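Here is the file work.cif (mmCIF, C-alpha atoms and all ligand atoms).
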data_structure
loop_
_atom_site.group_PDB
_atom_site.id
_atom_site.type_symbol
_atom_site.label_atom_id
_atom_site.label_comp_id
_atom_site.auth_asym_id
_atom_site.auth_seq_id
_atom_site.Cartn_x
_atom_site.Cartn_y
_atom_site.Cartn_z
ATOM 1 C CA LYS A 1 -8.198 -41.088 -33.114
ATOM 2 C CA ARG A 2 -11.244 -43.284 -32.851
ATOM 3 C CA VAL A 3 -11.319 -46.751 -34.339
ATOM 4 C CA PHE A 4 -14.542 -48.674 -34.855
ATOM 5 C CA ALA A 5 -14.695 -52.476 -34.966
ATOM 6 C CA ASN A 6 -10.895 -52.645 -35.067
ATOM 7 C CA ARG A 7 -11.071 -51.611 -38.647
ATOM 8 C CA TYR A 8 -12.606 -48.199 -39.410
ATOM 9 C CA HIS A 9 -10.355 -45.272 -38.511
ATOM 10 C CA ALA A 10 -12.142 -41.945 -38.080
ATOM 11 C CA GLU A 11 -10.662 -39.203 -40.294
ATOM 12 C CA ARG A 12 -13.100 -36.379 -39.631
ATOM 13 C CA LYS A 13 -16.701 -35.599 -38.824
ATOM 14 C CA LEU A 14 -18.849 -35.082 -41.887
ATOM 15 C CA GLY A 15 -21.753 -33.870 -39.865
ATOM 16 C CA LYS A 16 -24.202 -34.383 -37.141
ATOM 17 C CA GLY A 17 -27.159 -36.464 -38.223
ATOM 18 C CA SER A 18 -30.533 -36.594 -36.518
ATOM 19 C CA PHE A 19 -29.566 -39.746 -34.581
ATOM 20 C CA GLY A 20 -25.824 -39.412 -34.180
ATOM 21 C CA THR A 21 -22.540 -38.536 -35.785
ATOM 22 C CA VAL A 22 -21.543 -39.153 -39.383
ATOM 23 C CA TRP A 23 -17.818 -39.895 -39.869
ATOM 24 C CA LEU A 24 -15.477 -40.107 -42.803
ATOM 25 C CA VAL A 25 -13.398 -43.220 -42.070
ATOM 26 C CA THR A 26 -10.542 -45.199 -43.600
ATOM 27 C CA ASP A 27 -11.253 -48.897 -43.888
ATOM 28 C CA ALA A 28 -7.984 -50.625 -42.894
ATOM 29 C CA LYS A 29 -9.143 -53.905 -44.387
ATOM 30 C CA CYS A 30 -10.087 -52.522 -47.788
ATOM 31 C CA LYS A 31 -7.587 -53.493 -50.474
ATOM 32 C CA ILE A 32 -8.901 -51.191 -53.215
ATOM 33 C CA PRO A 33 -7.107 -47.801 -52.847
ATOM 34 C CA ASP A 34 -9.993 -45.934 -54.492
ATOM 35 C CA GLU A 35 -12.527 -47.336 -52.020
ATOM 36 C CA LYS A 36 -10.665 -47.112 -48.709
ATOM 37 C CA LEU A 37 -12.582 -43.990 -47.663
ATOM 38 C CA LYS A 38 -16.047 -44.809 -46.364
ATOM 39 C CA VAL A 39 -18.792 -43.187 -44.355
ATOM 40 C CA LEU A 40 -19.709 -44.461 -40.903
ATOM 41 C CA LYS A 41 -22.998 -43.422 -39.366
ATOM 42 C CA GLU A 42 -23.142 -43.799 -35.627
ATOM 43 C CA ILE A 43 -26.707 -44.143 -34.381
ATOM 44 C CA SER A 44 -27.010 -43.965 -30.631
ATOM 45 C CA CYS A 45 -29.498 -46.459 -29.286
ATOM 46 C CA PRO A 46 -28.796 -47.035 -25.603
ATOM 47 C CA ASP A 47 -32.173 -48.620 -24.919
ATOM 48 C CA MET A 48 -32.573 -50.743 -27.987
ATOM 49 C CA ASP A 49 -33.974 -54.118 -26.947
ATOM 50 C CA ASN A 50 -33.284 -57.443 -28.634
ATOM 51 C CA ASP A 51 -36.362 -57.251 -30.835
ATOM 52 C CA GLU A 52 -35.351 -53.876 -32.193
ATOM 53 C CA THR A 53 -31.761 -54.982 -32.781
ATOM 54 C CA PHE A 54 -33.207 -57.888 -34.712
ATOM 55 C CA ASP A 55 -35.342 -55.537 -36.842
ATOM 56 C CA VAL A 56 -32.389 -53.322 -37.652
ATOM 57 C CA ASP A 57 -30.218 -56.340 -38.498
ATOM 58 C CA ARG A 58 -32.908 -57.677 -40.756
ATOM 59 C CA GLU A 59 -33.183 -54.330 -42.479
ATOM 60 C CA ALA A 60 -29.407 -54.125 -42.826
ATOM 61 C CA THR A 61 -29.347 -57.501 -44.547
ATOM 62 C CA LEU A 62 -31.898 -56.258 -47.065
ATOM 63 C CA LEU A 63 -29.954 -53.065 -47.769
ATOM 64 C CA ARG A 64 -26.725 -55.016 -48.122
ATOM 65 C CA ASN A 65 -28.293 -56.792 -51.069
ATOM 66 C CA LEU A 66 -29.056 -53.601 -52.988
ATOM 67 C CA ASN A 67 -26.310 -53.257 -55.572
ATOM 68 C CA HIS A 68 -26.858 -50.529 -58.154
ATOM 69 C CA PRO A 69 -24.757 -47.599 -59.461
ATOM 70 C CA GLY A 70 -27.555 -45.199 -58.459
ATOM 71 C CA ILE A 71 -27.694 -46.350 -54.840
ATOM 72 C CA VAL A 72 -25.153 -45.559 -52.120
ATOM 73 C CA ARG A 73 -23.504 -48.930 -51.482
ATOM 74 C CA PHE A 74 -24.114 -50.430 -48.070
ATOM 75 C CA HIS A 75 -20.953 -52.086 -46.721
ATOM 76 C CA ASP A 76 -21.284 -53.077 -43.109
ATOM 77 C CA SER A 77 -23.278 -52.732 -39.899
ATOM 78 C CA PHE A 78 -22.452 -53.655 -36.312
ATOM 79 C CA LEU A 79 -23.078 -52.762 -32.708
ATOM 80 C CA ASP A 80 -20.300 -50.730 -31.055
ATOM 81 C CA SER A 81 -20.909 -50.202 -27.330
ATOM 82 C CA ASP A 82 -24.152 -48.175 -27.230
ATOM 83 C CA CYS A 83 -24.225 -47.360 -30.916
ATOM 84 C CA TYR A 84 -25.430 -49.067 -34.000
ATOM 85 C CA CYS A 85 -22.990 -48.309 -36.835
ATOM 86 C CA ILE A 86 -23.695 -48.367 -40.535
ATOM 87 C CA VAL A 87 -20.836 -48.183 -43.035
ATOM 88 C CA THR A 88 -21.539 -47.028 -46.562
ATOM 89 C CA GLU A 89 -19.814 -45.821 -49.693
ATOM 90 C CA TYR A 90 -18.367 -42.279 -49.534
ATOM 91 C CA CYS A 91 -19.677 -39.746 -52.050
ATOM 92 C CA GLU A 92 -17.066 -37.004 -52.329
ATOM 93 C CA GLY A 93 -19.487 -34.569 -54.017
ATOM 94 C CA GLY A 94 -21.636 -34.222 -50.897
ATOM 95 C CA ASP A 95 -25.409 -34.108 -51.042
ATOM 96 C CA LEU A 96 -27.751 -32.517 -53.566
ATOM 97 C CA ASP A 97 -29.179 -30.070 -51.036
ATOM 98 C CA GLN A 98 -25.707 -28.551 -50.509
ATOM 99 C CA LYS A 99 -25.144 -28.416 -54.259
ATOM 100 C CA ILE A 100 -28.474 -26.675 -54.950
ATOM 101 C CA LYS A 101 -27.786 -24.115 -52.214
ATOM 102 C CA GLU A 102 -24.335 -23.473 -53.677
ATOM 103 C CA TYR A 103 -25.826 -22.946 -57.157
ATOM 104 C CA LYS A 104 -28.434 -20.574 -55.785
ATOM 105 C CA LYS A 105 -25.814 -18.554 -53.916
ATOM 106 C CA GLU A 106 -23.605 -18.278 -57.003
ATOM 107 C CA GLY A 107 -26.535 -17.514 -59.308
ATOM 108 C CA LYS A 108 -25.878 -20.660 -61.366
ATOM 109 C CA LYS A 109 -28.445 -22.893 -63.069
ATOM 110 C CA PHE A 110 -28.355 -26.616 -63.848
ATOM 111 C CA PRO A 111 -28.425 -26.924 -67.655
ATOM 112 C CA GLU A 112 -31.376 -28.971 -68.929
ATOM 113 C CA PRO A 113 -29.250 -31.915 -70.173
ATOM 114 C CA ILE A 114 -27.797 -32.278 -66.657
ATOM 115 C CA VAL A 115 -31.250 -32.093 -65.065
ATOM 116 C CA VAL A 116 -32.527 -34.799 -67.400
ATOM 117 C CA GLU A 117 -29.467 -36.961 -66.747
ATOM 118 C CA TYR A 118 -30.010 -36.614 -63.003
ATOM 119 C CA LEU A 119 -33.700 -37.449 -63.420
ATOM 120 C CA ILE A 120 -32.830 -40.602 -65.371
ATOM 121 C CA GLN A 121 -30.275 -41.653 -62.744
ATOM 122 C CA LEU A 122 -32.889 -41.267 -60.002
ATOM 123 C CA LEU A 123 -35.534 -43.149 -61.985
ATOM 124 C CA LEU A 124 -33.138 -46.035 -62.700
ATOM 125 C CA ALA A 125 -32.203 -46.301 -59.018
ATOM 126 C CA VAL A 126 -35.833 -46.241 -57.928
ATOM 127 C CA GLN A 127 -36.872 -48.724 -60.619
ATOM 128 C CA TYR A 128 -34.204 -51.101 -59.298
ATOM 129 C CA MET A 129 -35.402 -50.682 -55.702
ATOM 130 C CA HIS A 130 -39.070 -50.975 -56.517
ATOM 131 C CA GLY A 131 -38.382 -54.086 -58.572
ATOM 132 C CA ARG A 132 -37.047 -55.615 -55.351
ATOM 133 C CA GLY A 133 -39.968 -54.528 -53.214
ATOM 134 C CA VAL A 134 -37.999 -51.763 -51.509
ATOM 135 C CA MET A 135 -39.440 -48.288 -51.164
ATOM 136 C CA HIS A 136 -37.221 -45.470 -50.035
ATOM 137 C CA ARG A 137 -39.893 -43.451 -48.167
ATOM 138 C CA ASP A 138 -37.707 -40.425 -47.583
ATOM 139 C CA LEU A 139 -36.421 -39.234 -50.937
ATOM 140 C CA LYS A 140 -35.243 -35.636 -50.683
ATOM 141 C CA THR A 141 -32.273 -33.607 -51.862
ATOM 142 C CA ARG A 142 -30.500 -34.173 -48.541
ATOM 143 C CA ASN A 143 -30.633 -37.932 -49.066
ATOM 144 C CA ILE A 144 -29.199 -37.854 -52.566
ATOM 145 C CA PHE A 145 -25.438 -37.840 -52.904
ATOM 146 C CA ILE A 146 -23.032 -36.988 -55.694
ATOM 147 C CA LYS A 147 -20.097 -39.166 -56.665
ATOM 148 C CA LYS A 148 -17.963 -38.489 -59.733
ATOM 149 C CA GLY A 149 -20.767 -36.319 -61.124
ATOM 150 C CA LYS A 150 -23.437 -39.000 -60.755
ATOM 151 C CA LEU A 151 -26.347 -39.102 -58.339
ATOM 152 C CA LYS A 152 -26.744 -41.847 -55.767
ATOM 153 C CA VAL A 153 -29.742 -42.401 -53.534
ATOM 154 C CA GLY A 154 -28.754 -42.911 -49.925
ATOM 155 C CA ASP A 155 -29.978 -42.826 -46.375
ATOM 156 C CA PHE A 156 -32.448 -45.665 -46.296
ATOM 157 C CA GLY A 157 -33.054 -44.890 -42.635
ATOM 158 C CA ILE A 158 -36.723 -45.631 -42.724
ATOM 159 C CA SER A 159 -37.032 -47.571 -45.933
ATOM 160 C CA ARG A 160 -38.707 -50.887 -45.580
ATOM 161 C CA ILE A 161 -39.081 -53.998 -47.597
ATOM 162 C CA LEU A 162 -42.621 -54.406 -48.790
ATOM 163 C CA ILE A 163 -43.807 -57.728 -47.485
ATOM 164 C CA GLY A 164 -46.643 -58.618 -49.750
ATOM 165 C CA THR A 165 -48.801 -55.541 -50.285
ATOM 166 C CA SER A 166 -50.071 -55.267 -46.739
ATOM 167 C CA ASP A 167 -47.299 -52.977 -45.535
ATOM 168 C CA MET A 168 -48.807 -49.646 -46.479
ATOM 169 C CA ALA A 169 -48.133 -48.000 -43.166
ATOM 170 C CA SER A 170 -47.618 -44.313 -43.726
ATOM 171 C CA THR A 171 -44.681 -42.647 -42.098
ATOM 172 C CA PHE A 172 -44.349 -39.184 -40.740
ATOM 173 C CA THR A 173 -40.887 -37.734 -40.509
ATOM 174 C CA GLY A 174 -39.292 -34.295 -40.491
ATOM 175 C CA THR A 175 -39.914 -32.171 -43.567
ATOM 176 C CA PRO A 176 -43.204 -32.303 -45.469
ATOM 177 C CA TYR A 177 -41.813 -30.774 -48.699
ATOM 178 C CA TYR A 178 -41.435 -34.067 -50.565
ATOM 179 C CA MET A 179 -44.479 -35.862 -49.176
ATOM 180 C CA SER A 180 -47.179 -36.962 -51.580
ATOM 181 C CA PRO A 181 -50.876 -36.064 -51.232
ATOM 182 C CA GLU A 182 -51.796 -39.695 -50.471
ATOM 183 C CA VAL A 183 -49.266 -39.879 -47.619
ATOM 184 C CA LEU A 184 -50.558 -36.606 -46.157
ATOM 185 C CA LYS A 185 -54.119 -37.923 -46.414
ATOM 186 C CA HIS A 186 -53.083 -41.084 -44.528
ATOM 187 C CA GLN A 187 -53.921 -43.219 -47.529
ATOM 188 C CA GLY A 188 -50.685 -45.129 -47.179
ATOM 189 C CA TYR A 189 -47.244 -45.053 -48.679
ATOM 190 C CA ASN A 190 -46.715 -46.889 -51.937
ATOM 191 C CA ALA A 191 -44.075 -46.985 -54.674
ATOM 192 C CA LYS A 192 -45.794 -44.032 -56.435
ATOM 193 C CA SER A 193 -45.140 -41.892 -53.371
ATOM 194 C CA ASP A 194 -41.393 -42.216 -54.076
ATOM 195 C CA ILE A 195 -42.122 -41.024 -57.646
ATOM 196 C CA TRP A 196 -43.886 -37.917 -56.297
ATOM 197 C CA SER A 197 -40.764 -37.101 -54.275
ATOM 198 C CA ILE A 198 -38.659 -37.371 -57.435
ATOM 199 C CA GLY A 199 -40.996 -34.812 -59.039
ATOM 200 C CA CYS A 200 -40.327 -32.415 -56.154
ATOM 201 C CA ILE A 201 -36.577 -32.974 -56.547
ATOM 202 C CA LEU A 202 -36.835 -32.334 -60.300
ATOM 203 C CA TYR A 203 -38.608 -29.040 -59.616
ATOM 204 C CA GLU A 204 -35.926 -28.044 -57.131
ATOM 205 C CA LEU A 205 -33.116 -28.771 -59.612
ATOM 206 C CA ILE A 206 -34.736 -26.367 -62.041
ATOM 207 C CA HIS A 207 -36.004 -23.601 -59.797
ATOM 208 C CA LEU A 208 -33.543 -23.952 -56.880
ATOM 209 C CA LYS A 209 -36.495 -23.801 -54.493
ATOM 210 C CA HIS A 210 -39.085 -26.206 -53.097
ATOM 211 C CA ALA A 211 -41.968 -27.170 -55.372
ATOM 212 C CA PHE A 212 -44.413 -26.652 -52.522
ATOM 213 C CA ASP A 213 -43.502 -24.033 -49.978
ATOM 214 C CA GLY A 214 -45.260 -21.885 -47.428
ATOM 215 C CA GLU A 215 -45.044 -19.992 -44.186
ATOM 216 C CA SER A 216 -45.987 -23.025 -42.113
ATOM 217 C CA MET A 217 -45.999 -26.819 -42.239
ATOM 218 C CA MET A 218 -49.780 -26.704 -42.603
ATOM 219 C CA GLY A 219 -49.487 -24.264 -45.486
ATOM 220 C CA VAL A 220 -47.059 -26.564 -47.304
ATOM 221 C CA MET A 221 -49.275 -29.590 -46.709
ATOM 222 C CA TYR A 222 -52.370 -27.761 -47.930
ATOM 223 C CA LYS A 223 -50.617 -26.805 -51.171
ATOM 224 C CA ILE A 224 -49.498 -30.390 -51.747
ATOM 225 C CA VAL A 225 -52.990 -31.806 -51.274
ATOM 226 C CA GLU A 226 -55.130 -29.014 -52.763
ATOM 227 C CA GLY A 227 -52.873 -26.607 -54.632
ATOM 228 C CA ASP A 228 -52.177 -26.313 -58.356
ATOM 229 C CA THR A 229 -49.048 -27.726 -59.964
ATOM 230 C CA PRO A 230 -46.376 -25.086 -59.242
ATOM 231 C CA ASP A 231 -45.266 -22.592 -61.882
ATOM 232 C CA TRP A 232 -42.559 -23.557 -64.345
ATOM 233 C CA SER A 233 -39.540 -21.614 -65.568
ATOM 234 C CA SER A 234 -39.614 -20.836 -69.293
ATOM 235 C CA ASN A 235 -35.867 -21.527 -69.536
ATOM 236 C CA TYR A 236 -36.592 -25.259 -69.690
ATOM 237 C CA SER A 237 -38.395 -27.240 -72.374
ATOM 238 C CA THR A 238 -42.128 -27.896 -72.402
ATOM 239 C CA ASP A 239 -41.297 -31.588 -72.949
ATOM 240 C CA LEU A 240 -39.605 -31.683 -69.562
ATOM 241 C CA ARG A 241 -42.526 -29.782 -68.117
ATOM 242 C CA SER A 242 -44.982 -32.429 -69.370
ATOM 243 C CA VAL A 243 -42.908 -35.152 -67.683
ATOM 244 C CA PHE A 244 -43.000 -33.112 -64.497
ATOM 245 C CA GLU A 245 -46.775 -32.716 -64.700
ATOM 246 C CA LEU A 246 -47.206 -36.469 -65.127
ATOM 247 C CA ILE A 247 -45.055 -37.125 -62.072
ATOM 248 C CA LEU A 248 -47.025 -34.665 -59.960
ATOM 249 C CA LYS A 249 -50.439 -36.221 -60.601
ATOM 250 C CA LYS A 250 -52.168 -36.009 -57.239
ATOM 251 C CA ASN A 251 -53.866 -39.364 -57.737
ATOM 252 C CA PRO A 252 -51.170 -42.057 -57.368
ATOM 253 C CA SER A 253 -52.931 -44.405 -59.783
ATOM 254 C CA GLU A 254 -52.650 -41.748 -62.523
ATOM 255 C CA ARG A 255 -49.009 -41.106 -61.659
ATOM 256 C CA PRO A 256 -46.608 -43.175 -63.801
ATOM 257 C CA SER A 257 -44.225 -45.725 -62.295
ATOM 258 C CA SER A 258 -40.449 -45.434 -62.789
ATOM 259 C CA LYS A 259 -40.703 -48.105 -65.458
ATOM 260 C CA GLU A 260 -43.366 -46.159 -67.367
ATOM 261 C CA LEU A 261 -41.445 -42.895 -67.073
ATOM 262 C CA LEU A 262 -38.275 -44.515 -68.395
ATOM 263 C CA LYS A 263 -40.234 -45.587 -71.491
ATOM 264 C CA LEU A 264 -41.413 -42.071 -72.426
ATOM 265 C CA PRO A 265 -39.985 -41.026 -75.829
ATOM 266 C CA PHE A 266 -38.513 -37.818 -74.340
ATOM 267 C CA ILE A 267 -36.595 -39.905 -71.787
ATOM 268 C CA THR A 268 -35.494 -42.773 -74.064
ATOM 269 C CA LYS A 269 -34.115 -40.223 -76.544
ATOM 270 C CA GLN A 270 -31.984 -38.658 -73.797
ATOM 271 C CA MET A 271 -30.897 -42.073 -72.534
ATOM 272 C CA GLU A 272 -29.475 -42.918 -75.958
ATOM 273 C CA LYS A 273 -27.506 -39.665 -75.959
ATOM 274 C CA ILE A 274 -25.956 -40.429 -72.551
ATOM 275 C CA LYS A 275 -24.770 -43.894 -73.632
HETATM 276 P P1 LIG B 301 -29.154 -37.648 -41.042
HETATM 277 O O1 LIG B 301 -29.865 -37.992 -42.316
HETATM 278 O O2 LIG B 301 -29.130 -38.770 -40.057
HETATM 279 O O3 LIG B 301 -29.654 -36.362 -40.472
HETATM 280 P P2 LIG B 301 -27.077 -36.857 -42.744
HETATM 281 O O4 LIG B 301 -27.441 -37.812 -43.818
HETATM 282 O O5 LIG B 301 -27.609 -35.465 -42.890
HETATM 283 O O6 LIG B 301 -27.601 -37.426 -41.386
HETATM 284 O O7 LIG B 301 -25.519 -36.795 -42.639
HETATM 285 C C1 LIG B 301 -24.802 -35.720 -42.087
HETATM 286 C C2 LIG B 301 -23.769 -35.171 -43.061
HETATM 287 O O8 LIG B 301 -22.972 -36.229 -43.604
HETATM 288 C C3 LIG B 301 -24.366 -34.426 -44.234
HETATM 289 O O9 LIG B 301 -23.618 -33.251 -44.462
HETATM 290 C C4 LIG B 301 -24.221 -35.371 -45.397
HETATM 291 O O10 LIG B 301 -24.043 -34.677 -46.611
HETATM 292 C C5 LIG B 301 -22.980 -36.173 -45.027
HETATM 293 N N1 LIG B 301 -23.049 -37.532 -45.587
HETATM 294 C C6 LIG B 301 -23.906 -38.510 -45.206
HETATM 295 N N2 LIG B 301 -23.719 -39.636 -45.939
HETATM 296 C C7 LIG B 301 -22.713 -39.368 -46.827
HETATM 297 C C8 LIG B 301 -22.051 -40.118 -47.869
HETATM 298 N N3 LIG B 301 -22.383 -41.395 -48.138
HETATM 299 N N4 LIG B 301 -21.056 -39.512 -48.571
HETATM 300 C C9 LIG B 301 -20.723 -38.224 -48.288
HETATM 301 N N5 LIG B 301 -21.306 -37.469 -47.346
HETATM 302 C C10 LIG B 301 -22.289 -38.011 -46.602
HETATM 303 MG MG MG B 302 -29.733 -37.723 -44.376
#
Kindly transcribe the structure held in the file into structure tokens.
Ligand code: ADP
Ligand code: MG
Amino acid sequence: KRVFANRYHAERKLGKGSFGTVWLVTDAKCKIPDEKLKVLKEISCPDMDNDETFDVDREATLLRNLNHPGIVRFHDSFLDSDCYCIVTEYCEGGDLDQKIKEYKKEGKKFPEPIVVEYLIQLLLAVQYMHGRGVMHRDLKTRNIFIKKGKLKVGDFGISRILIGTSDMASTFTGTPYYMSPEVLKHQGYNAKSDIWSIGCILYELIHLKHAFDGESMMGVMYKIVEGDTPDWSSNYSTDLRSVFELILKKNPSERPSSKELLKLPFITKQMEKIK
């Protein structure tokens, strides 16, 4: 059995990520029985030079300081032979993409109160991050995990700390489904782009399919930039629909921030019920 850093004992593979293997590990040094299981992400980087190692370390330090119930806790990072390893909290419920697929297969729906609770959990997590100058940049159902019935944002692979306001570099990665119109138009990534992604996730929770879909990448991108707001199931309230329409404003300056969304009467009412 593999042991990392003399401390993390591999239990089983959770999956194969885009950069390496994801392991479920037992932390031999953890004293809290409930928290001994952790996730170790092994990122192979044979040619990483000193500068890059420095960048990753710097990023790791920033992530280490994010401490919020809606964010997958970052525990540790180190270099192990040719791999950079990141140790995080384990979320036994898996990711939201798996859960949505399971619901679809079984013909189940997420009841509205659950959808709203999930939305609030995501908004609180993002409000916390944004308040610290951190944007996620890759919010999607596959990067949202479930632990004890609550959602946690994870996988900050490409998230960056906003240094001043100059860092508006847009990023292009994998799937376009959650990308905002401004990102696709190369107008730069900003905190509102994370909010757009939350709108796409909200739609997916309700309809169990992507908000913007098509035969090709180009088709999806065209719909995001030029298409109408997608259709809405009548099984959910029009109040929730209005929140959704606010979130999917194509112009980021018209799109509310997490703080503004959390102040909407529809949301504050639900927040009181949850408490
Ligand atoms: P990548 O984003 O690099 O492609 P993934 O995030 O998809 O890698 O991870 C691979 C698998 O490990 C997925 O099935 C995912 O659900 C699971 N996984 C990743 N992080 C956690 C976690 N913190 N808790 C539970 N499962 C996780
Ligand atoms: Mg992932």
Which of A:Tyr177, A:Phe4, A:Tyr90, A:Phe74 sits closest to Lys36 (chain A) [using only C-alpha atoms]:
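Ranked by minimum distance to Lys36 (chain A), first place goes to A:Tyr90.
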Pairwise distance for CA of Leu208 (chain A) and CA of Lys101 (chain A), rounded to one decimal in Å
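Between CA of Leu208 (chain A) and CA of Lys101 (chain A) the gap works out to 7.4 Å.
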Output as CSV one row per residue of chain A within 10 Å of ligand LIG 301 (chain B): the closest atom pair and its distance in Å to one decimal place, counting all atoms listed in the file, sorted by chain and residue number ascending.
residue,atom,partner,partner_atom,distance
A:Lys13,CA,B:LIG301,O8,7.9
A:Leu14,CA,B:LIG301,O8,4.6
A:Gly15,CA,B:LIG301,C2,4.0
A:Lys16,CA,B:LIG301,C1,5.2
A:Gly17,CA,B:LIG301,O6,3.3
A:Ser18,CA,B:LIG301,O3,4.1
A:Phe19,CA,B:LIG301,O2,5.6
A:Gly20,CA,B:LIG301,O2,6.8
A:Thr21,CA,B:LIG301,C1,7.3
A:Val22,CA,B:LIG301,O8,5.3
A:Trp23,CA,B:LIG301,O8,7.3
A:Leu24,CA,B:LIG301,C9,7.8
A:Leu37,CA,B:LIG301,N4,9.6
A:Lys38,CA,B:LIG301,N3,7.4
A:Val39,CA,B:LIG301,N3,5.5
A:Leu40,CA,B:LIG301,N2,8.0
A:Lys41,CA,B:LIG301,N2,7.6
A:Glu42,CA,B:LIG301,O2,9.0
A:Ile43,CA,B:LIG301,O2,8.2
A:Ile71,CA,B:LIG301,N3,9.9
A:Val72,CA,B:LIG301,N3,6.4
A:Arg73,CA,B:LIG301,N3,8.3
A:Phe74,CA,B:LIG301,N3,9.2
A:Val87,CA,B:LIG301,N3,8.6
A:Thr88,CA,B:LIG301,N3,5.9
A:Glu89,CA,B:LIG301,N3,5.3
A:Tyr90,CA,B:LIG301,N4,4.0
A:Cys91,CA,B:LIG301,N4,3.7
A:Glu92,CA,B:LIG301,C9,5.6
A:Gly93,CA,B:LIG301,C9,6.9
A:Gly94,CA,B:LIG301,N5,4.8
A:Asp95,CA,B:LIG301,O10,4.7
A:Leu96,CA,B:LIG301,O10,8.2
A:Asp97,CA,B:LIG301,O10,8.2
A:Gln98,CA,B:LIG301,O10,7.4
A:Lys99,CA,B:LIG301,O10,9.9
A:Asp138,CA,B:LIG301,O1,9.8
A:Thr141,CA,B:LIG301,O10,9.8
A:Arg142,CA,B:LIG301,O5,6.5
A:Asn143,CA,B:LIG301,O4,6.1
A:Ile144,CA,B:LIG301,O10,8.5
A:Phe145,CA,B:LIG301,N4,6.4
A:Ile146,CA,B:LIG301,N4,7.8
A:Lys147,CA,B:LIG301,N4,8.2
A:Lys152,CA,B:LIG301,N3,8.8
A:Val153,CA,B:LIG301,N3,9.2
A:Gly154,CA,B:LIG301,N3,6.8
A:Asp155,CA,B:LIG301,O4,6.2
A:Phe156,CA,B:LIG301,O1,9.0
A:Gly157,CA,B:LIG301,O1,7.6
A:Gly174,CA,B:LIG301,O3,9.9
Which neighbours of region 196-198 of chain A fall inside 6 Å, counting only C-alpha atoms, when residues of the same chain fewer than 4 positions from it are skipped, and could you give them as JSON, numbers by chain?
{"A": [139, 178, 180, 247, 248]}
Once the PyMOL selection byres (((chain A and resi 131) around 12) and not hetatm) has been applied to the shown file, what residues remain in the selection, as a VMD selection string?
chain A and resid 66 123 to 130 132 to 135 161 to 162 191 257 to 259
CA of Ile100 (chain A) to CA of Ile206 (chain A), straight-line distance in Å
9.5 Å
Which residue out of A:Thr175, A:Thr26, A:Asn67, A:Glu112 has the minimum interatomic distance to ligand MG 302 (chain B) when all atoms listed in the file are used?
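Selected residue with least distance to ligand MG 302 (chain B): A:Thr175.
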Centre and size of axis-aligned box enclosing region 231-236 of chain A plus 5 Å each side, as JSON:
{"center_x": -40.6, "center_y": -23.0, "center_z": -65.8, "size_x": 19.4, "size_y": 14.4, "size_z": 17.8}
Extract region 178-209 of chain A from the structure I just pasted (atoms: C-alpha atoms) and return it as a PDB file, in the first residue's frame.
ATOM      1  CA  TYR A 178     -20.636  27.053 -17.345  1.00  0.00           C
ATOM      2  CA  MET A 179     -18.684  29.841 -19.027  1.00  0.00           C
ATOM      3  CA  SER A 180     -20.137  33.330 -19.005  1.00  0.00           C
ATOM      4  CA  PRO A 181     -20.685  35.460 -22.128  1.00  0.00           C
ATOM      5  CA  GLU A 182     -17.962  37.919 -21.058  1.00  0.00           C
ATOM      6  CA  VAL A 183     -15.393  35.122 -20.687  1.00  0.00           C
ATOM      7  CA  LEU A 184     -16.302  33.725 -24.114  1.00  0.00           C
ATOM      8  CA  LYS A 185     -15.985  37.216 -25.596  1.00  0.00           C
ATOM      9  CA  HIS A 186     -12.502  37.552 -24.052  1.00  0.00           C
ATOM     10  CA  GLN A 187     -13.664  40.445 -21.919  1.00  0.00           C
ATOM     11  CA  GLY A 188     -11.987  38.980 -18.872  1.00  0.00           C
ATOM     12  CA  TYR A 189     -12.961  36.902 -15.901  1.00  0.00           C
ATOM     13  CA  ASN A 190     -14.403  38.698 -12.907  1.00  0.00           C
ATOM     14  CA  ALA A 191     -16.317  37.753  -9.758  1.00  0.00           C
ATOM     15  CA  LYS A 192     -19.627  37.999 -11.697  1.00  0.00           C
ATOM     16  CA  SER A 193     -18.432  35.218 -13.986  1.00  0.00           C
ATOM     17  CA  ASP A 194     -18.510  32.855 -10.977  1.00  0.00           C
ATOM     18  CA  ILE A 195     -22.120  33.996 -10.375  1.00  0.00           C
ATOM     19  CA  TRP A 196     -23.056  33.085 -13.963  1.00  0.00           C
ATOM     20  CA  SER A 197     -21.703  29.577 -13.357  1.00  0.00           C
ATOM     21  CA  ILE A 198     -23.889  29.280 -10.255  1.00  0.00           C
ATOM     22  CA  GLY A 199     -26.884  30.154 -12.457  1.00  0.00           C
ATOM     23  CA  CYS A 200     -25.987  27.280 -14.793  1.00  0.00           C
ATOM     24  CA  ILE A 201     -25.675  24.936 -11.804  1.00  0.00           C
ATOM     25  CA  LEU A 202     -29.061  26.101 -10.487  1.00  0.00           C
ATOM     26  CA  TYR A 203     -30.638  25.327 -13.860  1.00  0.00           C
ATOM     27  CA  GLU A 204     -29.059  21.882 -13.874  1.00  0.00           C
ATOM     28  CA  LEU A 205     -30.377  21.076 -10.383  1.00  0.00           C
ATOM     29  CA  ILE A 206     -33.880  21.794 -11.617  1.00  0.00           C
ATOM     30  CA  HIS A 207     -33.860  20.387 -15.126  1.00  0.00           C
ATOM     31  CA  LEU A 208     -31.144  17.711 -14.737  1.00  0.00           C
ATOM     32  CA  LYS A 209     -29.565  18.982 -17.951  1.00  0.00           C
TER      33      LYS A 209
END
